[in-house]
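Report on the following structure.
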Amino acid sequence: MSFESHQSSSIEIISGQTRSSGDGWLRAMLNGVRCRCPRCGTGKLFSSYLKVADICPSCDLELHHQRADDAPPYFTMFIVGHLLIPMVFIVETNWRPDWWVHLTLWLPMATVLTLWLLPMVKGAIVGIQWALGMHGFGEESVAADQDMGDLTHKAMPPVRDRL
Ligand SMILES: [Zn+2]
């Protein structure tokens, strides 16, 4: 590996934790979709159905920093709605079934789809939060940069000085 190709590597090591800055967010998000740790992709992300584990059992990444909050239900409802509502309209316009047929079809389908997607969407959001250094994940990087004497945070003046 030449020096230049090493320079163009998008891996940064922060406080013993490796975070990719290029397309690493996509890999972290896909690891989350598989309900795996965003960093190593092998440790289980959840300790129960929707409870994120405090620490990755495989690579010891501290996952308790995540702040997915109500974003997973929001995005899950968005996805499920956009999948089912067109199907409801198609069935209604083509066959005009009784109301109980709609209820029998769409209620279980919406419930199953929502419960299936919710952990995947939450995993994706936790993965993105880790990849972008958001919330507590970001505090680690700032503390590590200060420990390492990195001046990158001082290179940009505060917002009030730029206005
Ligand atoms: Zn891990």
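Numbering starts fresh at 1 for the residues of each chain in the structure tokens, the chains themselves are lettered A, B, ... in the order given, and ligands are numbered from 1 as they appear.
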> Counting only C-alpha atoms and all ligand atoms, what residues are within 6 Å of ligand 1, given as JSON, numbers by chain?
Replying inline: {"A": [37, 39, 40, 43, 56, 58, 59, 61]}
Extract, using only C-alpha atoms, all DNA, RNA and protein residues at most 9 Å from region 120-132 of chain A, discarding same-chain residues fewer than 2 positions from it, and format them as an mmCIF file with C-alpha atoms, in the first residue's frame.
data_model
loop_
_atom_site.group_PDB
_atom_site.id
_atom_site.type_symbol
_atom_site.label_atom_id
_atom_site.label_comp_id
_atom_site.auth_asym_id
_atom_site.auth_seq_id
_atom_site.Cartn_x
_atom_site.Cartn_y
_atom_site.Cartn_z
ATOM 1 C CA ARG A 19 -15.369 4.857 12.717
ATOM 2 C CA SER A 20 -15.511 5.106 8.951
ATOM 3 C CA SER A 21 -16.207 8.504 7.464
ATOM 4 C CA GLY A 24 -19.029 3.798 6.461
ATOM 5 C CA TRP A 25 -22.400 5.237 7.408
ATOM 6 C CA LEU A 26 -24.021 2.929 4.856
ATOM 7 C CA ARG A 27 -22.255 -0.138 6.239
ATOM 8 C CA ALA A 28 -23.153 0.919 9.794
ATOM 9 C CA MET A 29 -26.772 1.415 8.773
ATOM 10 C CA LEU A 30 -26.945 -1.968 7.042
ATOM 11 C CA ASN A 31 -25.392 -3.632 10.086
ATOM 12 C CA GLY A 32 -28.142 -1.978 12.100
ATOM 13 C CA VAL A 33 -30.813 -3.233 9.695
ATOM 14 C CA ARG A 34 -29.483 -6.746 10.378
ATOM 15 C CA CYS A 35 -29.836 -5.917 14.104
ATOM 16 C CA ARG A 36 -26.059 -6.137 14.525
ATOM 17 C CA CYS A 37 -23.531 -3.783 16.037
ATOM 18 C CA PRO A 38 -22.838 -0.865 13.658
ATOM 19 C CA ARG A 39 -19.067 -1.149 14.111
ATOM 20 C CA LEU A 45 -27.509 -4.823 18.771
ATOM 21 C CA PHE A 46 -30.575 -5.570 20.903
ATOM 22 C CA LEU A 50 -36.343 -3.162 20.950
ATOM 23 C CA VAL A 52 -30.495 -1.671 22.583
ATOM 24 C CA LEU A 63 -24.150 1.419 22.491
ATOM 25 C CA HIS A 65 -25.221 6.482 23.748
ATOM 26 C CA GLN A 66 -27.926 5.911 21.138
ATOM 27 C CA ARG A 67 -30.870 8.321 21.132
ATOM 28 C CA ALA A 68 -33.200 6.825 18.549
ATOM 29 C CA ALA A 71 -37.606 8.216 15.010
ATOM 30 C CA PRO A 72 -37.983 4.414 14.520
ATOM 31 C CA PRO A 73 -41.798 4.421 14.928
ATOM 32 C CA PHE A 75 -40.051 5.988 9.853
ATOM 33 C CA THR A 76 -41.715 2.592 10.312
ATOM 34 C CA TRP A 116 -41.081 -6.838 11.683
ATOM 35 C CA LEU A 117 -39.699 -3.515 10.457
ATOM 36 C CA LEU A 118 -39.419 -1.659 13.756
ATOM 37 C CA MET A 134 -24.103 11.843 17.081
ATOM 38 C CA HIS A 135 -25.142 12.265 20.706
ATOM 39 C CA GLY A 136 -22.926 10.349 23.114
ATOM 40 C CA PHE A 137 -21.076 8.702 20.255
ATOM 41 C CA GLY A 138 -19.825 12.167 19.280
#
>> Quick check, in Å to one decimal: how far apart do CA of Ile79 (chain A) and CA of His102 (chain A) lie?
In response: 19.2 Å
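In this structure, CA of Trp100 (chain A) sits 20.3 Å away from CA of Val80 (chain A).
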>> At a cut-off of 9 Å, using only C-alpha atoms, what residues contact Leu84 (chain A)? Leave out same-chain residues fewer than 6 positions from it and give the result as a PyMOL selection string.
In response: chain A and resi 106+109-110
Can you spit out the residues from that selection as an mmCIF file, in the first residue's frame, using C-alpha atoms?
data_model
loop_
_atom_site.group_PDB
_atom_site.id
_atom_site.type_symbol
_atom_site.label_atom_id
_atom_site.label_comp_id
_atom_site.auth_asym_id
_atom_site.auth_seq_id
_atom_site.Cartn_x
_atom_site.Cartn_y
_atom_site.Cartn_z
ATOM 1 C CA TRP A 106 -54.906 -4.838 6.330
ATOM 2 C CA MET A 109 -50.700 -7.112 7.623
ATOM 3 C CA ALA A 110 -50.002 -3.660 9.091
#
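Put simply, CA of Tyr49 (chain A) is 22.0 Å away from CA of Gly81 (chain A).
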> Looking only at the backbone, which of the residues in region 31-159 of chain A does DSSP tag as alpha helix (DSSP H), as JSON, numbers by chain?
Replying inline: {"A": [31, 32, 33, 71, 72, 73, 74, 75, 76, 77, 78, 79, 80, 81, 82, 83, 84, 85, 86, 87, 88, 89, 90, 91, 92, 93, 94, 95, 99, 100, 101, 102, 103, 104, 105, 106, 107, 108, 109, 110, 111, 112, 113, 114, 115, 116, 117, 118, 119, 120, 121, 122, 123, 124, 125, 126, 127, 128, 129, 130, 131, 135, 136, 137, 138, 139, 140, 141, 142, 143, 144, 145, 146, 147, 152, 153, 154, 155, 159]}
> Closest to His64 (chain A) among A:Thr111, A:Thr42, A:Ser47, A:Asn94, using only C-alpha atoms?
Replying inline: A:Ser47
